[in-house]
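Text of data-v8.cif (mmCIF, C-alpha atoms) as supplied:
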data_upload
loop_
_atom_site.group_PDB
_atom_site.id
_atom_site.type_symbol
_atom_site.label_atom_id
_atom_site.label_comp_id
_atom_site.auth_asym_id
_atom_site.auth_seq_id
_atom_site.Cartn_x
_atom_site.Cartn_y
_atom_site.Cartn_z
ATOM 1 C CA MET A 177 -13.643 20.395 12.615
ATOM 2 C CA MET A 178 -12.771 19.721 16.260
ATOM 3 C CA HIS A 179 -10.387 22.195 17.706
ATOM 4 C CA ASN A 180 -8.272 21.339 20.691
ATOM 5 C CA ASP A 181 -7.166 24.421 22.644
ATOM 6 C CA ASP A 182 -4.077 22.613 23.891
ATOM 7 C CA HIS A 183 -3.089 22.113 20.324
ATOM 8 C CA ASN A 184 0.055 24.150 20.178
ATOM 9 C CA HIS A 185 0.354 25.500 16.680
ATOM 10 C CA ASP A 186 3.842 26.432 15.741
ATOM 11 C CA HIS A 187 2.609 27.919 12.524
ATOM 12 C CA ASP A 188 0.106 30.518 11.541
ATOM 13 C CA HIS A 189 -3.158 29.614 9.877
ATOM 14 C CA ASP A 190 -2.271 32.025 7.098
ATOM 15 C CA ASP A 191 0.099 29.276 5.965
ATOM 16 C CA HIS A 192 -2.936 27.592 4.528
ATOM 17 C CA ALA A 193 -3.885 30.514 2.324
ATOM 18 C CA PRO A 194 -4.031 29.493 -1.326
ATOM 19 C CA THR A 195 -0.594 29.587 -2.917
ATOM 20 C CA ARG A 196 -2.083 31.208 -5.979
ATOM 21 C CA GLU A 197 -5.273 32.881 -6.987
ATOM 22 C CA ASP A 198 -8.111 30.604 -7.964
ATOM 23 C CA ASP A 199 -7.789 30.790 -11.685
ATOM 24 C CA ASP A 200 -10.906 29.106 -12.973
ATOM 25 C CA LEU A 201 -13.287 32.026 -12.697
ATOM 26 C CA GLU A 202 -12.444 33.531 -16.035
ATOM 27 C CA LEU A 203 -11.451 31.487 -19.036
ATOM 28 C CA THR A 204 -8.417 32.297 -21.066
ATOM 29 C CA GLU A 205 -8.923 32.469 -24.803
ATOM 30 C CA GLY A 206 -7.319 29.041 -25.175
ATOM 31 C CA GLU A 207 -9.526 27.462 -22.514
ATOM 32 C CA ALA A 208 -12.652 28.953 -24.067
ATOM 33 C CA ARG A 209 -11.660 27.607 -27.473
ATOM 34 C CA PHE A 210 -10.901 24.166 -26.014
ATOM 35 C CA LEU A 211 -14.269 23.968 -24.253
ATOM 36 C CA ALA A 212 -16.157 25.150 -27.344
ATOM 37 C CA LEU A 213 -14.391 22.603 -29.545
ATOM 38 C CA LYS A 214 -14.925 19.842 -27.016
ATOM 39 C CA SER A 215 -18.671 20.619 -26.768
ATOM 40 C CA LEU A 216 -18.995 20.574 -30.546
ATOM 41 C CA LEU A 217 -17.166 17.262 -30.910
ATOM 42 C CA ILE A 218 -19.443 15.697 -28.325
ATOM 43 C CA GLU A 219 -22.674 17.262 -29.691
ATOM 44 C CA GLN A 220 -21.850 16.156 -33.222
ATOM 45 C CA GLY A 221 -21.146 12.635 -32.011
ATOM 46 C CA VAL A 222 -17.528 12.678 -33.197
ATOM 47 C CA MET A 223 -16.316 11.517 -29.797
ATOM 48 C CA THR A 224 -17.637 11.110 -26.309
ATOM 49 C CA ALA A 225 -16.670 13.023 -23.189
ATOM 50 C CA ASP A 226 -15.311 9.790 -21.757
ATOM 51 C CA GLU A 227 -13.063 9.241 -24.773
ATOM 52 C CA ILE A 228 -11.642 12.743 -24.373
ATOM 53 C CA ARG A 229 -11.085 12.218 -20.659
ATOM 54 C CA ALA A 230 -9.475 8.817 -21.276
ATOM 55 C CA ARG A 231 -7.112 10.331 -23.851
ATOM 56 C CA MET A 232 -6.079 13.048 -21.390
ATOM 57 C CA GLU A 233 -5.495 10.388 -18.778
ATOM 58 C CA PHE A 234 -3.415 8.401 -21.302
ATOM 59 C CA ASN A 235 -1.349 11.490 -22.126
ATOM 60 C CA GLU A 236 -0.552 11.919 -18.452
ATOM 61 C CA ARG A 237 0.085 8.247 -17.674
ATOM 62 C CA GLY A 238 3.866 8.582 -17.467
ATOM 63 C CA SER A 239 5.583 8.591 -14.109
ATOM 64 C CA PRO A 240 9.218 8.808 -13.016
ATOM 65 C CA HIS A 241 8.821 5.251 -11.777
ATOM 66 C CA GLN A 242 8.937 3.964 -15.373
ATOM 67 C CA ALA A 243 12.401 5.391 -16.007
ATOM 68 C CA ALA A 244 13.509 4.347 -12.507
ATOM 69 C CA ARG A 245 12.560 0.722 -13.218
ATOM 70 C CA MET A 246 14.604 0.758 -16.414
ATOM 71 C CA ILE A 247 17.658 2.307 -14.772
ATOM 72 C CA ALA A 248 17.503 -0.062 -11.790
ATOM 73 C CA ARG A 249 17.394 -2.988 -14.220
ATOM 74 C CA ALA A 250 20.374 -1.531 -16.076
ATOM 75 C CA TRP A 251 22.297 -1.249 -12.809
ATOM 76 C CA VAL A 252 21.893 -4.967 -12.086
ATOM 77 C CA ASP A 253 21.967 -6.353 -15.626
ATOM 78 C CA PRO A 254 24.883 -5.213 -17.856
ATOM 79 C CA ALA A 255 23.321 -6.748 -20.963
ATOM 80 C CA TYR A 256 20.078 -4.821 -20.382
ATOM 81 C CA LYS A 257 22.093 -1.653 -19.783
ATOM 82 C CA GLU A 258 23.787 -2.108 -23.151
ATOM 83 C CA ARG A 259 20.403 -2.569 -24.839
ATOM 84 C CA MET A 260 19.002 0.513 -23.094
ATOM 85 C CA LEU A 261 21.958 2.623 -24.237
ATOM 86 C CA THR A 262 21.574 1.288 -27.782
ATOM 87 C CA ASP A 263 17.779 1.321 -28.136
ATOM 88 C CA THR A 264 15.916 2.934 -25.253
ATOM 89 C CA LYS A 265 12.450 2.355 -26.723
ATOM 90 C CA ALA A 266 13.037 -1.358 -27.149
ATOM 91 C CA ALA A 267 14.454 -1.552 -23.616
ATOM 92 C CA ALA A 268 11.312 0.146 -22.302
ATOM 93 C CA ALA A 269 9.138 -2.334 -24.188
ATOM 94 C CA GLU A 270 11.045 -5.226 -22.567
ATOM 95 C CA LEU A 271 9.706 -4.018 -19.198
ATOM 96 C CA GLY A 272 6.202 -3.530 -20.574
ATOM 97 C CA ILE A 273 6.567 0.241 -20.809
ATOM 98 C CA GLU A 274 5.186 1.838 -23.960
ATOM 99 C CA ALA A 275 7.416 4.755 -24.938
ATOM 100 C CA THR A 276 5.517 6.928 -27.411
ATOM 101 C CA GLU A 277 8.350 9.359 -28.118
ATOM 102 C CA ALA A 278 9.632 9.272 -31.707
ATOM 103 C CA ALA A 279 13.235 8.856 -30.596
ATOM 104 C CA LEU A 280 14.625 8.265 -27.122
ATOM 105 C CA VAL A 281 18.266 8.379 -26.151
ATOM 106 C CA THR A 282 19.826 7.258 -22.869
ATOM 107 C CA ILE A 283 22.976 9.039 -21.788
ATOM 108 C CA GLU A 284 25.100 7.572 -19.049
ATOM 109 C CA ASN A 285 26.752 9.532 -16.267
ATOM 110 C CA THR A 286 30.327 8.429 -15.702
ATOM 111 C CA PRO A 287 33.022 9.322 -13.157
ATOM 112 C CA GLU A 288 34.373 11.693 -15.846
ATOM 113 C CA ARG A 289 31.152 13.282 -17.076
ATOM 114 C CA HIS A 290 27.877 14.435 -15.543
ATOM 115 C CA ASN A 291 24.949 15.015 -17.913
ATOM 116 C CA MET A 292 21.909 17.231 -17.603
ATOM 117 C CA VAL A 293 18.960 17.979 -19.893
ATOM 118 C CA VAL A 294 17.171 21.193 -20.764
ATOM 119 C CA CYS A 295 14.820 22.219 -23.550
ATOM 120 C CA THR A 296 15.708 25.839 -24.218
ATOM 121 C CA LEU A 297 12.919 26.268 -26.771
ATOM 122 C CA CYS A 298 9.888 24.923 -24.909
ATOM 123 C CA SER A 299 9.384 21.851 -22.734
ATOM 124 C CA CYS A 300 10.471 18.748 -24.676
ATOM 125 C CA TYR A 301 10.666 15.922 -22.151
ATOM 126 C CA PRO A 302 10.396 12.104 -22.194
ATOM 127 C CA ARG A 303 6.829 12.201 -20.894
ATOM 128 C CA SER A 304 5.975 8.531 -21.363
ATOM 129 C CA LEU A 305 8.903 7.562 -19.097
ATOM 130 C CA LEU A 306 8.842 10.480 -16.634
ATOM 131 C CA GLY A 307 5.357 11.992 -16.708
ATOM 132 C CA GLU A 308 4.786 15.722 -17.056
ATOM 133 C CA PRO A 309 7.873 17.902 -16.601
ATOM 134 C CA PRO A 310 8.374 19.660 -13.258
ATOM 135 C CA ALA A 311 7.652 23.385 -13.009
ATOM 136 C CA PHE A 312 11.356 24.265 -12.890
ATOM 137 C CA TYR A 313 11.967 22.468 -16.180
ATOM 138 C CA VAL A 314 9.524 24.666 -18.095
ATOM 139 C CA SER A 315 10.565 27.885 -16.332
ATOM 140 C CA LYS A 316 12.384 30.472 -18.408
ATOM 141 C CA ALA A 317 15.011 30.751 -15.674
ATOM 142 C CA TYR A 318 16.037 27.102 -15.954
ATOM 143 C CA ARG A 319 15.758 27.063 -19.749
ATOM 144 C CA SER A 320 18.049 30.055 -20.130
ATOM 145 C CA ARG A 321 20.490 29.340 -17.318
ATOM 146 C CA ALA A 322 21.067 25.573 -17.648
ATOM 147 C CA VAL A 323 22.976 26.070 -20.910
ATOM 148 C CA ARG A 324 24.795 29.172 -19.690
ATOM 149 C CA GLU A 325 25.856 28.323 -16.134
ATOM 150 C CA PRO A 326 25.076 24.654 -15.474
ATOM 151 C CA ARG A 327 27.366 24.357 -12.462
ATOM 152 C CA LYS A 328 25.699 27.259 -10.719
ATOM 153 C CA VAL A 329 22.253 25.840 -11.473
ATOM 154 C CA LEU A 330 23.284 22.420 -10.161
ATOM 155 C CA ARG A 331 24.648 24.025 -6.994
ATOM 156 C CA GLU A 332 21.227 25.598 -6.454
ATOM 157 C CA PHE A 333 19.778 22.078 -6.683
ATOM 158 C CA GLY A 334 22.276 20.991 -4.033
ATOM 159 C CA VAL A 335 24.535 19.170 -6.484
ATOM 160 C CA GLU A 336 28.216 20.051 -6.378
ATOM 161 C CA ILE A 337 30.113 18.677 -9.367
ATOM 162 C CA PRO A 338 33.889 19.001 -8.884
ATOM 163 C CA ASP A 339 35.847 20.668 -11.686
ATOM 164 C CA SER A 340 37.581 17.344 -12.316
ATOM 165 C CA VAL A 341 34.244 16.082 -13.693
ATOM 166 C CA ASP A 342 33.069 17.573 -16.983
ATOM 167 C CA ILE A 343 29.462 18.635 -17.420
ATOM 168 C CA ALA A 344 27.588 17.956 -20.636
ATOM 169 C CA VAL A 345 24.367 19.889 -21.105
ATOM 170 C CA HIS A 346 21.945 18.395 -23.597
ATOM 171 C CA ASP A 347 19.583 20.839 -25.265
ATOM 172 C CA SER A 348 16.494 18.776 -26.094
ATOM 173 C CA ASN A 349 15.494 21.217 -28.799
ATOM 174 C CA ALA A 350 14.331 18.957 -31.621
ATOM 175 C CA ASP A 351 13.272 15.332 -32.150
ATOM 176 C CA LEU A 352 15.221 13.334 -29.562
ATOM 177 C CA ARG A 353 14.169 12.923 -25.946
ATOM 178 C CA TYR A 354 16.749 12.235 -23.271
ATOM 179 C CA VAL A 355 17.012 9.939 -20.286
ATOM 180 C CA ILE A 356 20.037 10.369 -18.050
ATOM 181 C CA MET A 357 21.263 7.175 -16.455
ATOM 182 C CA PRO A 358 22.809 8.163 -13.114
ATOM 183 C CA MET A 359 25.660 6.181 -11.621
ATOM 184 C CA ARG A 360 24.724 3.529 -9.112
ATOM 185 C CA PRO A 361 25.521 4.899 -5.642
ATOM 186 C CA ALA A 362 28.152 3.192 -3.531
ATOM 187 C CA GLY A 363 26.874 0.976 -0.748
ATOM 188 C CA THR A 364 23.914 -0.384 -2.742
ATOM 189 C CA GLU A 365 25.398 -3.788 -3.504
ATOM 190 C CA GLY A 366 22.909 -5.707 -1.394
ATOM 191 C CA LEU A 367 19.787 -3.909 -2.615
ATOM 192 C CA SER A 368 17.075 -5.489 -4.710
ATOM 193 C CA GLU A 369 16.026 -4.042 -8.049
ATOM 194 C CA ASP A 370 12.914 -2.507 -6.463
ATOM 195 C CA GLU A 371 14.979 -0.961 -3.676
ATOM 196 C CA LEU A 372 17.363 0.454 -6.252
ATOM 197 C CA ALA A 373 14.476 1.906 -8.286
ATOM 198 C CA ALA A 374 13.335 3.783 -5.175
ATOM 199 C CA LEU A 375 16.673 5.642 -5.126
ATOM 200 C CA ILE A 376 16.198 6.984 -8.658
ATOM 201 C CA THR A 377 14.298 10.250 -8.506
ATOM 202 C CA ARG A 378 12.759 12.211 -11.344
ATOM 203 C CA ASP A 379 15.353 14.963 -11.089
ATOM 204 C CA SER A 380 18.218 12.458 -11.171
ATOM 205 C CA VAL A 381 16.934 11.259 -14.560
ATOM 206 C CA VAL A 382 16.932 14.885 -15.805
ATOM 207 C CA GLY A 383 20.467 15.260 -14.429
ATOM 208 C CA CYS A 384 19.595 17.944 -11.883
ATOM 209 C CA ALA A 385 20.159 15.624 -8.935
ATOM 210 C CA LEU A 386 22.009 12.490 -7.966
ATOM 211 C CA PRO A 387 20.208 9.327 -6.889
ATOM 212 C CA ILE A 388 19.368 8.993 -3.227
ATOM 213 C CA THR A 389 22.194 7.433 -1.242
ATOM 214 C CA PRO A 390 21.015 4.798 1.231
ATOM 215 C CA ASP A 391 22.227 5.339 4.787
ATOM 216 C CA MET B 214 18.506 5.280 -38.636
ATOM 217 C CA SER B 215 20.088 4.708 -42.013
ATOM 218 C CA GLU B 216 23.297 6.418 -42.949
ATOM 219 C CA PRO B 217 22.995 7.326 -46.661
ATOM 220 C CA ALA B 218 21.313 10.720 -46.348
ATOM 221 C CA ALA B 219 23.910 12.112 -43.953
ATOM 222 C CA ASN B 220 25.976 14.955 -45.364
ATOM 223 C CA TYR B 221 28.283 15.173 -42.358
ATOM 224 C CA ARG B 222 30.204 12.511 -40.512
ATOM 225 C CA VAL B 223 30.966 12.099 -36.842
ATOM 226 C CA GLY B 224 33.897 14.337 -35.955
ATOM 227 C CA ASP B 225 33.289 16.845 -38.784
ATOM 228 C CA ARG B 226 33.703 20.462 -37.717
ATOM 229 C CA VAL B 227 30.576 22.492 -38.519
ATOM 230 C CA ARG B 228 29.342 26.009 -38.124
ATOM 231 C CA ILE B 229 25.757 26.839 -37.211
ATOM 232 C CA LEU B 230 24.163 29.187 -39.717
ATOM 233 C CA ASP B 231 21.809 32.035 -39.060
ATOM 234 C CA ILE B 232 19.467 31.514 -41.995
ATOM 235 C CA GLY B 233 17.050 34.225 -40.918
ATOM 236 C CA LYS B 234 14.124 31.845 -41.056
ATOM 237 C CA PRO B 235 11.166 33.245 -39.111
ATOM 238 C CA GLY B 236 8.655 31.365 -36.981
ATOM 239 C CA HIS B 237 8.926 28.288 -34.784
ATOM 240 C CA VAL B 238 12.436 27.229 -35.787
ATOM 241 C CA ARG B 239 14.468 24.730 -33.787
ATOM 242 C CA THR B 240 17.890 26.345 -33.786
ATOM 243 C CA PRO B 241 18.057 28.678 -30.795
ATOM 244 C CA THR B 242 19.755 32.044 -31.174
ATOM 245 C CA TYR B 243 22.524 31.327 -28.680
ATOM 246 C CA ILE B 244 24.061 28.623 -30.869
ATOM 247 C CA ARG B 245 23.996 30.436 -34.206
ATOM 248 C CA HIS B 246 27.417 31.359 -35.661
ATOM 249 C CA LYS B 247 29.108 28.911 -33.247
ATOM 250 C CA THR B 248 31.479 26.159 -34.346
ATOM 251 C CA GLY B 249 31.193 22.617 -33.046
ATOM 252 C CA THR B 250 31.717 18.964 -33.887
ATOM 253 C CA ILE B 251 29.231 16.399 -35.231
ATOM 254 C CA GLU B 252 28.559 14.011 -32.327
ATOM 255 C CA ARG B 253 26.128 11.691 -34.131
ATOM 256 C CA PHE B 254 23.726 11.429 -37.007
ATOM 257 C CA CYS B 255 20.261 11.043 -35.485
ATOM 258 C CA GLY B 256 18.363 9.923 -38.565
ATOM 259 C CA MET B 257 15.851 11.488 -40.937
ATOM 260 C CA PHE B 258 12.973 13.481 -39.489
ATOM 261 C CA GLU B 259 9.987 15.332 -40.863
ATOM 262 C CA ASN B 260 10.869 19.009 -40.758
ATOM 263 C CA PRO B 261 9.269 20.321 -37.530
ATOM 264 C CA GLU B 262 9.726 23.906 -38.676
ATOM 265 C CA ASP B 263 7.197 23.182 -41.437
ATOM 266 C CA LYS B 264 4.988 20.880 -39.389
ATOM 267 C CA ALA B 265 4.546 23.709 -36.881
ATOM 268 C CA TYR B 266 2.490 25.484 -39.557
ATOM 269 C CA GLY B 267 0.256 22.633 -40.662
ATOM 270 C CA ARG B 268 2.491 21.360 -43.460
ATOM 271 C CA TRP B 269 3.740 17.789 -43.756
ATOM 272 C CA GLY B 270 7.434 18.531 -43.310
ATOM 273 C CA LEU B 271 8.338 16.221 -46.178
ATOM 274 C CA PRO B 272 10.701 15.006 -47.435
ATOM 275 C CA PRO B 273 12.400 14.117 -44.144
ATOM 276 C CA ILE B 274 15.639 15.944 -43.441
ATOM 277 C CA PRO B 275 18.846 14.821 -41.711
ATOM 278 C CA LEU B 276 19.237 15.638 -38.031
ATOM 279 C CA TYR B 277 22.553 15.697 -36.198
ATOM 280 C CA ARG B 278 23.727 16.208 -32.660
ATOM 281 C CA VAL B 279 26.500 18.752 -32.515
ATOM 282 C CA GLN B 280 28.862 19.130 -29.575
ATOM 283 C CA PHE B 281 30.314 22.492 -28.561
ATOM 284 C CA ARG B 282 32.889 23.422 -25.988
ATOM 285 C CA GLN B 283 31.126 25.707 -23.528
ATOM 286 C CA ASP B 284 34.104 28.074 -23.782
ATOM 287 C CA ASP B 285 33.362 28.404 -27.515
ATOM 288 C CA ILE B 286 29.745 29.429 -26.850
ATOM 289 C CA TRP B 287 30.149 31.758 -23.898
ATOM 290 C CA PRO B 288 33.369 33.830 -23.774
ATOM 291 C CA ASP B 289 33.023 34.253 -20.006
ATOM 292 C CA TYR B 290 31.950 30.673 -19.260
ATOM 293 C CA ASP B 291 32.648 29.691 -15.676
ATOM 294 C CA GLY B 292 33.319 25.960 -15.416
ATOM 295 C CA ALA B 293 35.725 23.214 -16.399
ATOM 296 C CA PRO B 294 37.564 23.347 -19.759
ATOM 297 C CA GLY B 295 35.991 20.007 -20.684
ATOM 298 C CA ASP B 296 32.407 21.190 -20.201
ATOM 299 C CA VAL B 297 30.339 20.778 -23.343
ATOM 300 C CA LEU B 298 26.893 21.438 -24.734
ATOM 301 C CA GLU B 299 25.191 19.086 -27.163
ATOM 302 C CA ILE B 300 22.257 20.135 -29.292
ATOM 303 C CA GLU B 301 20.266 18.771 -32.229
ATOM 304 C CA ILE B 302 20.661 20.670 -35.472
ATOM 305 C CA TYR B 303 18.879 20.018 -38.781
ATOM 306 C CA ASP B 304 20.992 19.858 -41.899
ATOM 307 C CA HIS B 305 19.882 23.197 -43.377
ATOM 308 C CA TRP B 306 21.327 25.085 -40.388
ATOM 309 C CA LEU B 307 24.798 23.582 -40.872
ATOM 310 C CA ALA B 308 27.845 24.511 -42.942
ATOM 311 C CA PRO B 309 31.352 23.082 -42.860
ATOM 312 C CA ALA B 310 33.435 25.084 -40.390
ATOM 313 C CA GLY B 311 35.230 27.920 -42.039
ATOM 314 C CA GLU B 312 32.596 28.519 -44.725
ATOM 315 C CA ASP B 313 30.460 31.624 -44.544
ATOM 316 C CA ALA B 314 26.704 31.484 -44.697
#
Any chance you could put this one into structure tokens?
Amino acid sequence: MMHNDDHNHDHDHDDHAPTREDDDLELTEGEARFLALKSLLIEQGVMTADEIRARMEFNERGSPHQAARMIARAWVDPAYKERMLTDTKAAAAELGIEATEAALVTIENTPERHNMVVCTLCSCYPRSLLGEPPAFYVSKAYRSRAVREPRKVLREFGVEIPDSVDIAVHDSNADLRYVIMPMRPAGTEGLSEDELAALITRDSVVGCALPITPD
Amino acid sequence: MSEPAANYRVGDRVRILDIGKPGHVRTPTYIRHKTGTIERFCGMFENPEDKAYGRWGLPPIPLYRVQFRQDDIWPDYDGAPGDVLEIEIYDHWLAPAGEDA
């Protein structure tokens, strides 16, 4: 790599040290079992390595953009919004999104009530609409504190909910998976559906943030 | 989501039992013994507490969402009086409010 001496670093190269130990030198028991099982399935001709890879890719196909598309549509189309609130899976299918969750529920933020989601037991999450959950969502700190002191947790996310607005915490502990529909920000009247979708972040669909406000 | 199997109706006051069931159960400790209100009937679901151990979880059991006032869960809750928590509870963890387990 070329190095320019005039290059005035305002940071130390130690910043580039790995943020965690390389962890693939020793296998955990679970990893060892997975690899052994995978090798056997392939050797015995039950499935191919490519099929296994493709399935893993399928499992991880979700992205926050899917939910954002649905919410943006709901913001511009009241009839679609009603359908999404009534039957979220069918509303996803209308936009060509395959929701594989057994039961999906959309909950709407209102001027009177802000909603947020947590799975206190593990990491239940609407993966086909949002992708894999963020690290904070599966952390024990979030899982224990979101039900206990939601306002304090939201403040740590930079979200101040006034006491005049109630907070509803939804523990996603069983068979339903939750999508929070944030309120459409003021000043977005002229935006297209795609522009609106870009304002809807992953965390705003979990209820830990508000949509981006255009400036 | 058919209605017939539901034992509780929206608005019913219910108490969460502590049935002492071991293993991967879906009713977290913090909500046991608390009293709330049926928010909706979610439908019939295969029992995940059995499915977690390789069984079929059949027949399906009723699942409800129950709403609690945060002040009723945490005596020292710091927030607005209208703050609530909603959680899914399977039928066998529920009793009408006022009844003991």
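Listed by chain and then by number, the residues chosen by the PyMOL selection byres ((chain A) within 7 of (chain B)) in this file are A:Leu297, A:Glu325, A:Arg327, A:Asp339, A:Asp342, A:Ile343, A:Ala344, A:Val345, A:His346, A:Asp347, A:Ser348, A:Asn349, A:Ala350.
Across the model, the gap from atom CA of Pro309 of chain A to atom CA of Glu236 of chain A is 10.5 Å.
Near Asp304 of chain B, within 9 Å and counting all atoms listed in the file, sit Ala219, Asn220, Tyr221, Ile274, Pro275, Leu276, Tyr277 and Ala308 of chain B; same-chain residues fewer than 4 positions away were not included.
Interatomic distance, atom CA of Gly238 of chain A to atom CA of Glu207 of chain A: 23.7 Å.
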Nearest candidate to Pro287 of chain A (options A:Gly366, A:Gly206, A:Pro358, A:Gly221; using all atoms listed in the file): A:Pro358
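Counting all atoms listed in the file and comparing A:Arg231, A:Arg353, A:Arg259, A:Arg209, the residue that lies closest to Val293 of chain A is A:Arg353.
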Segment 279-293 of chain B, all listed atoms, 4 Å padding on each side: what axis-aligned box centre and edge lengths in Å to one decimal come out, as AutoDock Vina command-line options?
--center_x 31.1 --center_y 26.5 --center_z -24.0 --size_x 17.2 --size_y 23.5 --size_z 25.1
Contacts of Ile273 of chain A at 9 Å (all atoms listed in the file; same-chain gap of 4+ positions) as number ranges by chain: A: 242, 265, 267-269, 304-305
Using the selection just defined, write its residues with C-alpha atoms as a PDB file, in the coordinates of the input.
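again-v7.pdb, freshly written:
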ATOM      1  CA  GLN A 242       8.937   3.964 -15.373  1.00  0.00           C
ATOM      2  CA  LYS A 265      12.450   2.355 -26.723  1.00  0.00           C
ATOM      3  CA  ALA A 267      14.454  -1.552 -23.616  1.00  0.00           C
ATOM      4  CA  ALA A 268      11.312   0.146 -22.302  1.00  0.00           C
ATOM      5  CA  ALA A 269       9.138  -2.334 -24.188  1.00  0.00           C
ATOM      6  CA  SER A 304       5.975   8.531 -21.363  1.00  0.00           C
ATOM      7  CA  LEU A 305       8.903   7.562 -19.097  1.00  0.00           C
TER       8      LEU A 305
END
Nearest-residue call for Val281 of chain A, choices A:Ile388, A:Leu217, A:Val355, A:Met232, using all atoms listed in the file: A:Val355
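The space between atom CA of Phe333 of chain A and atom CA of Ala385 of chain A spans 6.8 Å.
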